[in-house]
>>> print(open('query.txt').read())   # compact mmCIF, C-alpha atoms and all ligand atoms
# COMPACT_ATOMS: atom_id res chain seq x y z
CA MET A 67 62.12 35.42 -27.03
CA SER A 68 62.18 38.93 -25.53
CA GLU A 69 60.99 39.42 -21.96
CA LYS A 70 57.50 40.97 -21.62
CA LYS A 71 55.81 42.56 -18.65
CA THR A 72 53.06 40.11 -17.65
CA VAL A 73 50.21 41.74 -15.73
CA VAL A 74 48.18 39.63 -13.30
CA LEU A 75 44.60 40.87 -13.04
CA PRO A 76 41.68 39.92 -10.79
CA VAL A 77 38.54 39.19 -12.84
CA SER A 78 36.25 42.22 -13.25
CA GLU A 79 34.34 43.91 -16.07
CA ASP A 80 37.23 46.34 -16.56
CA THR A 81 39.97 43.72 -16.61
CA ILE A 82 37.97 41.53 -19.04
CA ALA A 83 37.69 44.54 -21.38
CA TYR A 84 41.43 45.20 -21.02
CA ALA A 85 42.30 41.54 -21.69
CA ALA A 86 39.93 41.40 -24.68
CA ASP A 87 41.76 44.38 -26.16
CA ILE A 88 45.04 42.46 -25.89
CA ILE A 89 43.45 39.46 -27.67
CA ARG A 90 42.06 41.69 -30.46
CA ARG A 91 45.53 43.15 -31.03
CA GLY A 92 47.07 39.68 -31.40
CA GLY A 93 48.48 39.34 -27.85
CA LEU A 94 48.41 36.47 -25.33
CA VAL A 95 46.15 36.24 -22.24
CA ALA A 96 45.94 33.34 -19.77
CA PHE A 97 42.42 32.86 -18.40
CA PRO A 98 40.59 30.49 -16.06
CA THR A 99 38.22 27.81 -17.33
CA GLU A 100 36.37 25.11 -15.39
CA THR A 101 39.04 22.55 -16.44
CA VAL A 102 42.50 24.20 -16.30
CA TYR A 103 43.88 27.67 -17.16
CA GLY A 104 44.07 28.33 -20.92
CA LEU A 105 46.61 30.44 -22.81
CA GLY A 106 44.50 32.38 -25.30
CA ALA A 107 45.09 34.18 -28.60
CA SER A 108 42.68 35.26 -31.34
CA ALA A 109 41.96 32.31 -33.66
CA TYR A 110 41.55 34.83 -36.51
CA TYR A 111 44.47 37.23 -36.03
CA PRO A 112 47.24 36.16 -38.42
CA GLY A 113 50.22 34.80 -36.53
CA ALA A 114 48.75 35.29 -33.02
CA ALA A 115 48.55 31.55 -32.36
CA LYS A 116 52.21 31.17 -33.32
CA LYS A 117 53.09 33.22 -30.25
CA ILE A 118 51.35 30.60 -28.08
CA TYR A 119 53.69 27.90 -29.39
CA GLU A 120 56.71 30.14 -28.69
CA ALA A 121 55.60 31.06 -25.17
CA LYS A 122 54.87 27.43 -24.22
CA GLY A 123 57.76 25.84 -26.14
CA ARG A 124 55.07 23.68 -27.77
CA PRO A 125 55.76 21.54 -30.87
CA SER A 126 54.11 23.29 -33.83
CA ASP A 127 52.21 20.16 -34.97
CA ASN A 128 50.21 19.95 -31.72
CA PRO A 129 46.96 21.79 -32.52
CA LEU A 130 45.10 24.19 -30.22
CA ILE A 131 41.48 24.04 -29.07
CA VAL A 132 39.30 26.91 -30.32
CA HIS A 133 37.03 28.33 -27.61
CA VAL A 134 33.64 29.92 -28.32
CA SER A 135 31.15 31.65 -26.02
CA ASP A 136 28.19 29.95 -27.75
CA PRO A 137 28.27 26.63 -29.66
CA ARG A 138 26.63 28.26 -32.72
CA GLU A 139 29.76 30.37 -33.24
CA ALA A 140 31.48 27.18 -34.47
CA GLU A 141 29.62 27.62 -37.81
CA ASP A 142 31.88 30.58 -38.53
CA PHE A 143 34.98 28.40 -38.92
CA ALA A 144 33.96 24.70 -38.92
CA VAL A 145 31.75 22.37 -40.94
CA VAL A 146 29.22 21.61 -38.21
CA PRO A 147 27.13 18.41 -38.37
CA ASP A 148 23.79 17.97 -36.51
CA GLU A 149 25.43 15.69 -33.96
CA PHE A 150 27.46 18.63 -32.71
CA TYR A 151 24.26 20.38 -31.69
CA ARG A 152 22.95 17.26 -29.96
CA LEU A 153 26.18 17.17 -27.96
CA ALA A 154 26.08 20.92 -27.37
CA GLU A 155 22.56 20.75 -25.96
CA ARG A 156 23.61 18.18 -23.38
CA PHE A 157 27.22 19.17 -22.59
CA MET A 158 27.86 22.82 -23.53
CA PRO A 159 28.92 25.02 -21.96
CA GLY A 160 31.15 22.39 -20.35
CA PRO A 161 34.33 20.32 -20.48
CA LEU A 162 33.79 18.71 -23.92
CA THR A 163 35.83 19.44 -27.08
CA VAL A 164 34.59 18.26 -30.48
CA VAL A 165 36.89 17.84 -33.51
CA MET A 166 35.29 18.81 -36.84
CA LYS A 167 36.35 19.76 -40.39
CA LYS A 168 37.71 23.32 -40.47
CA THR A 169 37.09 26.12 -42.98
CA GLU A 170 39.64 28.63 -44.38
CA LYS A 171 38.82 31.20 -41.73
CA ILE A 172 41.01 29.68 -39.03
CA ASP A 173 44.64 30.82 -39.01
CA PRO A 174 46.64 27.71 -40.12
CA SER A 175 48.96 27.96 -37.11
CA VAL A 176 45.96 27.13 -34.87
CA THR A 177 45.43 23.60 -36.16
CA GLY A 178 49.01 22.46 -36.53
CA GLY A 179 48.54 21.80 -40.25
CA LEU A 180 45.44 19.57 -39.80
CA ASP A 181 42.27 20.08 -41.84
CA THR A 182 40.21 19.67 -38.66
CA VAL A 183 39.58 22.03 -35.76
CA ALA A 184 38.77 21.25 -32.11
CA VAL A 185 35.92 23.34 -30.63
CA ARG A 186 34.95 23.92 -27.01
CA CYS A 187 32.53 26.20 -25.17
CA PRO A 188 33.90 26.57 -21.62
CA ASP A 189 31.65 26.72 -18.57
CA HIS A 190 33.40 29.53 -16.73
CA PRO A 191 31.96 33.05 -16.56
CA ALA A 192 35.36 34.77 -17.00
CA ALA A 193 36.27 32.62 -20.02
CA ARG A 194 32.97 33.24 -21.76
CA ALA A 195 33.02 36.97 -20.96
CA LEU A 196 36.54 37.21 -22.41
CA ILE A 197 35.55 35.44 -25.64
CA LYS A 198 32.44 37.64 -26.01
CA ALA A 199 34.34 40.85 -25.35
CA SER A 200 37.12 39.85 -27.78
CA GLY A 201 34.57 39.39 -30.57
CA CYS A 202 36.44 36.37 -31.98
CA PRO A 203 36.98 32.71 -31.09
CA ILE A 204 40.00 32.18 -28.82
CA ALA A 205 42.58 29.50 -29.58
CA ALA A 206 43.93 28.17 -26.29
CA PRO A 207 45.91 25.20 -25.08
CA SER A 208 46.67 24.77 -21.37
CA ALA A 209 48.69 27.71 -19.96
CA ASN A 210 51.79 25.78 -18.88
CA ARG A 211 55.29 25.33 -20.36
CA SER A 212 55.07 22.38 -22.72
CA GLY A 213 55.51 19.07 -20.90
CA SER A 214 54.87 20.34 -17.37
CA PRO A 215 51.70 19.72 -15.33
CA SER A 216 48.67 21.73 -16.49
CA PRO A 217 47.96 24.86 -14.42
CA THR A 218 44.88 24.84 -12.19
CA GLU A 219 45.65 28.10 -10.34
CA ALA A 220 46.93 31.50 -11.54
CA ALA A 221 50.12 30.98 -9.48
CA HIS A 222 50.95 27.94 -11.67
CA VAL A 223 50.65 30.10 -14.80
CA ILE A 224 52.86 32.79 -13.26
CA SER A 225 55.48 30.21 -12.37
CA ASP A 226 55.60 28.87 -15.98
CA LEU A 227 54.90 31.90 -18.18
CA ASP A 228 55.75 35.14 -16.33
CA GLY A 229 57.60 37.41 -18.77
CA ARG A 230 56.43 35.40 -21.81
CA ILE A 231 52.77 36.49 -22.14
CA ASP A 232 50.85 39.79 -21.84
CA ALA A 233 48.35 39.11 -19.06
CA ILE A 234 46.87 36.55 -16.67
CA LEU A 235 43.27 36.76 -15.47
CA ASP A 236 43.22 35.30 -11.95
CA GLY A 237 39.90 33.56 -11.36
CA GLY A 238 41.00 31.29 -8.49
CA ALA A 239 41.32 27.49 -8.61
CA CYS A 240 39.74 25.56 -11.50
CA ARG A 241 36.85 23.29 -10.54
CA VAL A 242 37.58 20.14 -12.61
CA GLY A 243 41.40 20.20 -12.61
CA VAL A 244 42.02 18.05 -15.73
CA GLU A 245 41.62 19.15 -19.35
CA SER A 246 38.46 18.67 -21.41
CA THR A 247 37.29 15.42 -22.97
CA VAL A 248 38.29 15.54 -26.68
CA ILE A 249 36.18 13.54 -29.16
CA SER A 250 36.01 13.09 -32.90
CA LEU A 251 32.77 12.27 -34.72
CA ASP A 252 32.71 9.04 -36.72
CA GLY A 253 30.07 10.28 -39.18
CA ASP A 254 27.54 7.52 -38.41
CA GLY A 255 26.24 8.77 -35.06
CA GLY A 256 29.22 7.48 -33.09
CA CYS A 257 32.23 9.19 -31.58
CA THR A 258 35.76 8.34 -30.44
CA ILE A 259 37.29 9.66 -27.23
CA LEU A 260 40.76 10.97 -28.09
CA ARG A 261 41.42 12.36 -24.62
CA PRO A 262 39.29 11.47 -21.58
CA GLY A 263 38.01 14.16 -19.22
CA ASP A 264 35.11 15.09 -16.97
CA VAL A 265 32.54 14.18 -19.64
CA THR A 266 32.72 10.37 -19.54
CA ALA A 267 32.04 7.62 -22.11
CA ASP A 268 28.80 6.74 -20.27
CA MET A 269 27.61 10.33 -20.43
CA LEU A 270 28.43 10.57 -24.15
CA SER A 271 26.55 7.34 -24.87
CA GLU A 272 23.35 9.05 -23.68
CA VAL A 273 23.58 11.17 -26.85
CA MET A 274 25.75 9.17 -29.30
CA ARG A 275 24.95 5.83 -30.95
CA SER A 276 28.34 4.40 -30.02
CA VAL A 277 31.36 5.59 -28.05
CA THR A 278 34.86 4.20 -28.68
CA VAL A 279 37.89 4.97 -26.54
CA ALA A 280 41.06 5.43 -28.65
CA GLY A 281 43.74 2.88 -27.72
CA ALA A 282 46.32 5.57 -26.97
CA VAL A 283 44.13 6.87 -24.10
CA THR A 284 45.31 4.00 -21.91
CA ASP A 285 48.44 3.00 -23.84
CA PRO A 286 50.76 5.90 -24.72
CA SER A 287 52.90 3.58 -26.89
CA LEU A 288 50.00 3.45 -29.38
CA SER A 289 50.26 7.22 -29.99
CA GLY A 290 52.66 6.62 -32.89
CA ASP A 291 53.99 9.28 -35.23
CA ARG A 292 50.64 10.26 -36.71
CA PRO A 293 48.25 10.01 -33.77
CA LEU A 294 44.56 10.94 -34.02
CA SER A 295 45.14 13.61 -31.37
CA PRO A 296 48.69 14.92 -31.75
CA GLY A 297 48.95 16.00 -28.11
CA MET A 298 48.94 12.35 -27.06
CA LYS A 299 52.37 11.56 -28.47
CA TYR A 300 54.34 13.91 -26.25
CA LYS A 301 55.63 13.17 -22.76
CA HIS A 302 53.32 15.22 -20.69
CA TYR A 303 52.32 16.57 -17.35
CA SER A 304 55.70 15.81 -15.78
CA PRO A 305 57.03 17.54 -12.70
CA ARG A 306 60.80 17.47 -12.00
CA ALA A 307 60.12 14.76 -9.40
CA GLU A 308 59.97 11.20 -10.73
CA VAL A 309 56.36 10.02 -10.78
CA ILE A 310 55.81 6.39 -9.73
CA ALA A 311 52.44 5.14 -11.00
CA TYR A 312 51.75 2.37 -8.50
CA ASP A 313 49.27 -0.37 -9.41
CA GLY A 314 48.41 -1.86 -6.02
CA THR A 315 46.22 -1.16 -3.02
CA LEU A 316 46.63 2.12 -1.17
CA GLU A 317 48.24 0.26 1.73
CA GLU A 318 50.72 -1.47 -0.64
CA MET A 319 51.60 1.84 -2.24
CA ILE A 320 52.20 3.56 1.11
CA LYS A 321 54.37 0.61 2.19
CA ALA A 322 56.43 0.92 -1.01
CA ALA A 323 56.79 4.69 -0.57
CA ASN A 324 57.76 4.27 3.09
CA SER A 325 60.47 1.75 2.27
CA ASP A 326 61.83 3.69 -0.75
CA PRO A 327 65.45 4.64 0.00
CA THR A 328 65.17 7.83 -2.10
CA GLU A 329 65.79 10.76 0.23
CA ARG A 330 62.83 13.02 -0.45
CA THR A 331 59.80 10.85 -1.24
CA GLY A 332 56.13 11.77 -1.23
CA ALA A 333 52.84 10.03 -1.93
CA ILE A 334 49.48 11.32 -3.11
CA VAL A 335 46.90 9.90 -0.70
CA PRO A 336 43.33 10.72 0.42
CA ASP A 337 43.09 13.04 3.44
CA GLY A 338 42.44 10.20 5.90
CA TYR A 339 45.86 8.63 5.16
CA ALA A 340 47.97 11.68 6.02
CA GLY A 341 49.51 10.09 9.14
CA LYS A 342 50.48 6.83 7.40
CA VAL A 343 53.07 8.29 5.01
CA ASN A 344 56.61 8.60 6.44
CA GLY A 345 57.71 11.07 3.77
CA THR A 346 55.52 13.88 2.47
CA ALA A 347 51.80 13.15 2.27
CA LEU A 348 50.23 15.08 -0.62
CA LEU A 349 46.54 15.16 0.19
CA SER A 350 43.99 14.62 -2.56
CA GLY A 351 40.69 15.01 -0.71
CA ASP A 352 38.11 12.22 -0.28
CA GLY A 353 39.71 9.76 -2.73
CA GLY A 354 36.77 9.97 -5.18
CA ALA A 355 37.25 10.79 -8.87
CA ASP A 356 36.23 14.47 -8.63
CA ASP A 357 38.59 15.29 -5.75
CA SER A 358 41.41 13.17 -7.21
CA CYS A 359 41.22 14.88 -10.63
CA HIS A 360 40.88 18.33 -9.04
CA ALA A 361 44.02 17.83 -6.93
CA PHE A 362 46.30 15.87 -9.30
CA PHE A 363 48.18 18.56 -11.27
CA ALA A 364 48.34 20.96 -8.31
CA LEU A 365 49.92 18.20 -6.18
CA LEU A 366 52.52 17.36 -8.85
CA ARG A 367 53.51 21.03 -8.79
CA ARG A 368 53.51 20.99 -4.99
CA ALA A 369 55.95 18.04 -5.11
CA ASP A 370 58.38 20.26 -7.04
CA GLU A 371 57.90 23.20 -4.68
CA LEU A 372 58.87 20.83 -1.86
CA SER A 373 61.87 19.58 -3.92
CA LEU A 374 60.70 15.96 -3.70
CA ASP A 375 62.71 13.47 -5.76
CA ARG A 376 59.94 10.90 -6.12
CA VAL A 377 56.19 10.97 -5.80
CA TYR A 378 54.04 7.84 -5.59
CA VAL A 379 50.56 7.94 -7.12
CA ARG A 380 48.12 5.05 -7.05
CA VAL A 381 46.93 3.91 -10.50
CA PRO A 382 43.16 4.54 -10.57
CA PRO A 383 40.56 2.36 -12.34
CA LYS A 384 40.12 2.95 -16.08
CA THR A 385 36.43 3.68 -15.58
CA GLY A 386 34.20 6.77 -15.43
CA LYS A 387 35.90 10.03 -14.47
CA PHE A 388 38.92 8.09 -13.18
CA LEU A 389 39.87 7.35 -16.82
CA ALA A 390 41.02 10.99 -17.20
CA LEU A 391 43.30 10.61 -14.20
CA TYR A 392 44.64 7.26 -15.46
CA ASN A 393 45.46 8.86 -18.83
CA ARG A 394 47.34 11.82 -17.26
CA LEU A 395 49.12 9.69 -14.65
CA ILE A 396 50.63 7.15 -17.04
CA ARG A 397 51.99 9.98 -19.17
CA ALA A 398 53.38 11.81 -16.13
CA ALA A 399 55.09 8.53 -15.22
CA GLY A 400 56.63 8.19 -18.70
CA GLY A 401 54.44 5.14 -19.48
CA ARG A 402 55.87 3.01 -16.63
CA ILE A 403 53.57 1.25 -14.19
CA THR A 404 55.03 -0.20 -10.97
CA LYS A 405 53.42 -3.21 -9.26
CA PRO A 406 54.02 -4.73 -5.84
CA ASP A 407 56.67 -7.48 -6.05
CA ASN A 408 54.99 -10.49 -4.49
P1 LIG B 1 45.80 21.27 -24.51
O1 LIG B 1 44.58 22.13 -24.47
O2 LIG B 1 47.08 21.93 -24.21
O3 LIG B 1 45.63 20.10 -23.64
O4 LIG B 1 45.93 20.74 -26.00
C1 LIG B 1 44.84 20.56 -26.86
C2 LIG B 1 44.58 19.11 -27.12
O5 LIG B 1 43.54 18.97 -28.09
C3 LIG B 1 45.79 18.38 -27.65
O6 LIG B 1 45.93 17.14 -26.99
C4 LIG B 1 45.47 18.17 -29.12
O7 LIG B 1 46.07 17.02 -29.63
C5 LIG B 1 43.95 18.12 -29.14
N1 LIG B 1 43.46 18.65 -30.42
C6 LIG B 1 43.36 19.94 -30.77
N2 LIG B 1 42.94 20.06 -32.04
C7 LIG B 1 42.78 18.81 -32.51
C8 LIG B 1 42.38 18.26 -33.77
N3 LIG B 1 42.08 19.05 -34.81
N4 LIG B 1 42.33 16.91 -33.90
C9 LIG B 1 42.63 16.11 -32.85
N5 LIG B 1 43.02 16.58 -31.63
C10 LIG B 1 43.11 17.90 -31.46
MG MG B 2 48.22 20.96 -22.47
>>> encode(input="query.txt", output="structure tokens", more="lines below")
Ligand code: AMP
Ligand code: MG
Amino acid sequence: MSEKKTVVLPVSEDTIAYAADIIRRGGLVAFPTETVYGLGASAYYPGAAKKIYEAKGRPSDNPLIVHVSDPREAEDFAVVPDEFYRLAERFMPGPLTVVMKKTEKIDPSVTGGLDTVAVRCPDHPAARALIKASGCPIAAPSANRSGSPSPTEAAHVISDLDGRIDAILDGGACRVGVESTVISLDGDGGCTILRPGDVTADMLSEVMRSVTVAGAVTDPSLSGDRPLSPGMKYKHYSPRAEVIAYDGTLEEMIKAANSDPTERTGAIVPDGYAGKVNGTALLSGDGGADDSCHAFFALLRRADELSLDRVYVRVPPKTGKFLALYNRLIRAAGGRITKPDN
């Protein structure tokens, strides 16, 4: 594809108006959300979404999430059941994406050939202002090259997409750091989690009659050729460094990293463990789920900046907000889990 001039803009009323104009004319703008940076195009402009796939190198059957500034806007392009509004009342704006039947209005390139559309109302003032000013829903996947870790800062977007998109709105670091929870509705008051995120199964069960977690969330080999959520079948989130998903205690993991003969080795550890790692300690905050999710993708990118060959990451529990991290980590590690050899 031909090289473009990508402008990087601080968020202001003027730059939002400028970026919205690009979207209306069928161009591409990366923008901050509370989860990760999105790469946006008009969901209505014919062919605009196709440019997203080209810029990212994304397989064309992996559908995009359509972003709205108010949940009611979904009625314009989706068949919206009552449950959606129950969910919206509790979780929107916020990091929840709901898959529903689509109408003809959505450009077919947005949904990767599916007859469903994924809808999200982001909780970030710049994202919502951009959607409002554009006057159309914005189709946006994460703003990274396909397969690499999702971008949580504007610098990550620049490093992946400079010269391939029209503009980047720089709104600083994203709060959550992992992508939204994606669910489908079962039609009988229940839902299925297709991709875990900051909105957990427990939180969803406050509103839904039942909550099922799709098998592929914790077992990538179940993604198959026709997965419920096509994004789950691709190797994902991988830095150049080899990611070792280590299923042991923190002490066991640090011991394994310290005795690894690989020349440039690092380990993601909570701040308090900085001095215990012989190689590079990549610090993830207090070790809780919020800090660990917030830091994960940025630290995988940091590992590459430091030219590390291997990075050790402790396998988190499959519960609560940690489930999102578990899901991203096993994909980053190519599905392999390493255990201490007793
Ligand atoms: P990204 O925002 O880059 O993480 O990608 C969007 C994610 O949403 C992908 O994992 C898709 O598989 C998922 N997704 C988008 N639309 C649908 C849909 N209609 N049905 C199921 N999953 C979807
Ligand atoms: Mg993505």
>>> closest_atom_pairs(input="query.txt", of="chain A", to="ligand MG 2 (chain B)", cutoff="10 Å", atoms="all atoms listed in the file", output="tab-separated table")
residue	atom	partner	partner_atom	distance
A:Val102	CA	B:MG2	MG	9.0
A:Tyr103	CA	B:MG2	MG	9.6
A:Gly104	CA	B:MG2	MG	8.6
A:Leu105	CA	B:MG2	MG	9.6
A:Lys122	CA	B:MG2	MG	9.4
A:Arg124	CA	B:MG2	MG	9.1
A:Asn128	CA	B:MG2	MG	9.5
A:Leu130	CA	B:MG2	MG	9.0
A:Ile131	CA	B:MG2	MG	9.9
A:Ala206	CA	B:MG2	MG	9.2
A:Pro207	CA	B:MG2	MG	5.5
A:Ser208	CA	B:MG2	MG	4.3
A:Ala209	CA	B:MG2	MG	7.2
A:Asn210	CA	B:MG2	MG	7.0
A:Arg211	CA	B:MG2	MG	8.6
A:Ser212	CA	B:MG2	MG	7.0
A:Gly213	CA	B:MG2	MG	7.7
A:Ser214	CA	B:MG2	MG	8.4
A:Pro215	CA	B:MG2	MG	8.0
A:Ser216	CA	B:MG2	MG	6.0
A:Pro217	CA	B:MG2	MG	8.9
A:Val244	CA	B:MG2	MG	9.6
A:Glu245	CA	B:MG2	MG	7.5
A:Gly297	CA	B:MG2	MG	7.5
A:Met298	CA	B:MG2	MG	9.8
A:His302	CA	B:MG2	MG	7.9
A:Tyr303	CA	B:MG2	MG	7.9
>>> atom_distance(input="query.txt", atom1="CA of Glu79 in chain A", atom2="CA of Ala109 in chain A")
22.4 Å
>>> residues_around(input="query.txt", residues="Ser373 in chain A", least_positions_apart="6", cutoff="9 Å", atoms="all atoms listed in the file", output="list in words")
Arg306, Ala307 and Arg330 of chain A
>>> closest_residue(input="query.txt", among="A:Lys321, A:Arg186, A:Lys342, A:Arg138", to="ligand LIG 1 (chain B)", atoms="only C-alpha atoms and all ligand atoms")
A:Arg186
>>> closest_residue(input="query.txt", among="A:Pro147, A:Gly255, A:Pro161, A:Pro191", to="Ser135 in chain A", atoms="all atoms listed in the file")
A:Pro191
>>> residues_around(input="query.txt", residues="range 359-366 of chain A", least_positions_apart="3", cutoff="7 Å", atoms="all atoms listed in the file", output="CSV table (one decimal) with C-alpha atoms, in the frame of the given file")
chain,number,residue,atom,x,y,z
A,215,PRO,CA,51.7,19.7,-15.3
A,216,SER,CA,48.7,21.7,-16.5
A,218,THR,CA,44.9,24.8,-12.2
A,241,ARG,CA,36.8,23.3,-10.5
A,242,VAL,CA,37.6,20.1,-12.6
A,243,GLY,CA,41.4,20.2,-12.6
A,244,VAL,CA,42.0,18.0,-15.7
A,305,PRO,CA,57.0,17.5,-12.7
A,348,LEU,CA,50.2,15.1,-0.6
A,350,SER,CA,44.0,14.6,-2.6
A,355,ALA,CA,37.2,10.8,-8.9
A,356,ASP,CA,36.2,14.5,-8.6
A,369,ALA,CA,56.0,18.0,-5.1
A,370,ASP,CA,58.4,20.3,-7.0
A,391,LEU,CA,43.3,10.6,-14.2
>>> atom_distance(input="query.txt", atom1="atom O4 of ligand LIG 1 (chain B)", atom2="CA of Glu170 in chain A")
21.0 Å
>>> residues_around(input="query.txt", residues="Ile320 in chain A", least_positions_apart="3", cutoff="10 Å", atoms="only C-alpha atoms", output="count of residues only")
22
>>> atom_distance(input="query.txt", atom1="CA of Pro336 in chain A", atom2="CA of Glu308 in chain A")
20.0 Å
>>> residues_around(input="query.txt", residues="Pro159 in chain A", least_positions_apart="5", cutoff="7 Å", atoms="only C-alpha atoms", output="PyMOL selection string")
chain A and resi 187-189
>>> closest_residue(input="query.txt", among="A:Thr258, A:Thr169, A:Ser108, A:Ser250", to="ligand LIG 1 (chain B)", atoms="only C-alpha atoms and all ligand atoms")
A:Ser250
>>> axis_aligned_box(input="query.txt", around="ligand LIG 1 (chain B)", padding_each_side="3 Å", output="lines of an AutoDock Vina configuration file")
center_x = 44.6
center_y = 19.1
center_z = -29.2
size_x = 11.0
size_y = 12.0
size_z = 17.2
>>> decode(input="query.txt", residues="range 101-118 of chain A", atoms="N, CA, C and O atoms", output="tab-separated table (two decimals), in the first residue's frame")
chain	number	residue	atom	x	y	z
A	101	THR	N	-10.09	0.87	26.89
A	101	THR	CA	-9.48	-0.46	26.85
A	101	THR	C	-8.12	-0.40	26.17
A	101	THR	O	-7.08	-0.50	26.84
A	102	VAL	N	-8.11	-0.25	24.82
A	102	VAL	CA	-6.86	-0.09	24.06
A	102	VAL	C	-7.15	0.95	22.97
A	102	VAL	O	-8.29	1.39	22.83
A	103	TYR	N	-6.13	1.35	22.19
A	103	TYR	CA	-6.39	2.26	21.07
A	103	TYR	C	-7.13	1.52	19.96
A	103	TYR	O	-6.81	0.35	19.66
A	104	GLY	N	-8.12	2.18	19.35
A	104	GLY	CA	-8.86	1.60	18.23
A	104	GLY	C	-8.42	2.24	16.93
A	104	GLY	O	-7.94	3.38	16.91
A	105	LEU	N	-8.58	1.49	15.82
A	105	LEU	CA	-8.31	2.04	14.49
A	105	LEU	C	-9.65	2.19	13.79
A	105	LEU	O	-10.26	1.20	13.39
A	106	GLY	N	-10.14	3.44	13.69
A	106	GLY	CA	-11.51	3.68	13.29
A	106	GLY	C	-11.71	4.07	11.83
A	106	GLY	O	-10.87	4.74	11.23
A	107	ALA	N	-12.86	3.61	11.29
A	107	ALA	CA	-13.34	4.05	9.98
A	107	ALA	C	-14.86	4.10	10.08
A	107	ALA	O	-15.45	3.41	10.92
A	108	SER	N	-15.50	4.90	9.21
A	108	SER	CA	-16.96	4.95	9.20
A	108	SER	C	-17.52	3.55	8.91
A	108	SER	O	-17.07	2.88	7.99
A	109	ALA	N	-18.52	3.14	9.72
A	109	ALA	CA	-19.15	1.83	9.48
A	109	ALA	C	-20.13	1.91	8.32
A	109	ALA	O	-20.63	0.88	7.87
A	110	TYR	N	-20.41	3.13	7.83
A	110	TYR	CA	-21.38	3.30	6.74
A	110	TYR	C	-20.73	3.64	5.40
A	110	TYR	O	-21.33	3.45	4.36
A	111	TYR	N	-19.53	4.19	5.42
A	111	TYR	CA	-18.89	4.63	4.17
A	111	TYR	C	-18.44	3.39	3.39
A	111	TYR	O	-17.63	2.60	3.89
A	112	PRO	N	-18.93	3.23	2.15
A	112	PRO	CA	-18.60	2.00	1.42
A	112	PRO	C	-17.08	1.84	1.25
A	112	PRO	O	-16.40	2.75	0.79
A	113	GLY	N	-16.59	0.70	1.67
A	113	GLY	CA	-15.17	0.40	1.44
A	113	GLY	C	-14.21	0.95	2.49
A	113	GLY	O	-13.04	0.59	2.50
A	114	ALA	N	-14.70	1.82	3.40
A	114	ALA	CA	-13.77	2.43	4.38
A	114	ALA	C	-13.17	1.34	5.29
A	114	ALA	O	-11.97	1.34	5.57
A	115	ALA	N	-14.02	0.40	5.72
A	115	ALA	CA	-13.54	-0.63	6.64
A	115	ALA	C	-12.47	-1.51	5.98
A	115	ALA	O	-11.57	-2.01	6.65
A	116	LYS	N	-12.58	-1.67	4.67
A	116	LYS	CA	-11.58	-2.48	3.95
A	116	LYS	C	-10.18	-1.94	4.15
A	116	LYS	O	-9.20	-2.69	4.23
A	117	LYS	N	-10.08	-0.60	4.25
A	117	LYS	CA	-8.77	0.02	4.46
A	117	LYS	C	-8.18	-0.36	5.81
A	117	LYS	O	-6.97	-0.40	5.98
A	118	ILE	N	-9.05	-0.61	6.80
A	118	ILE	CA	-8.56	-1.05	8.12
A	118	ILE	C	-7.83	-2.38	7.98
A	118	ILE	O	-6.74	-2.57	8.52
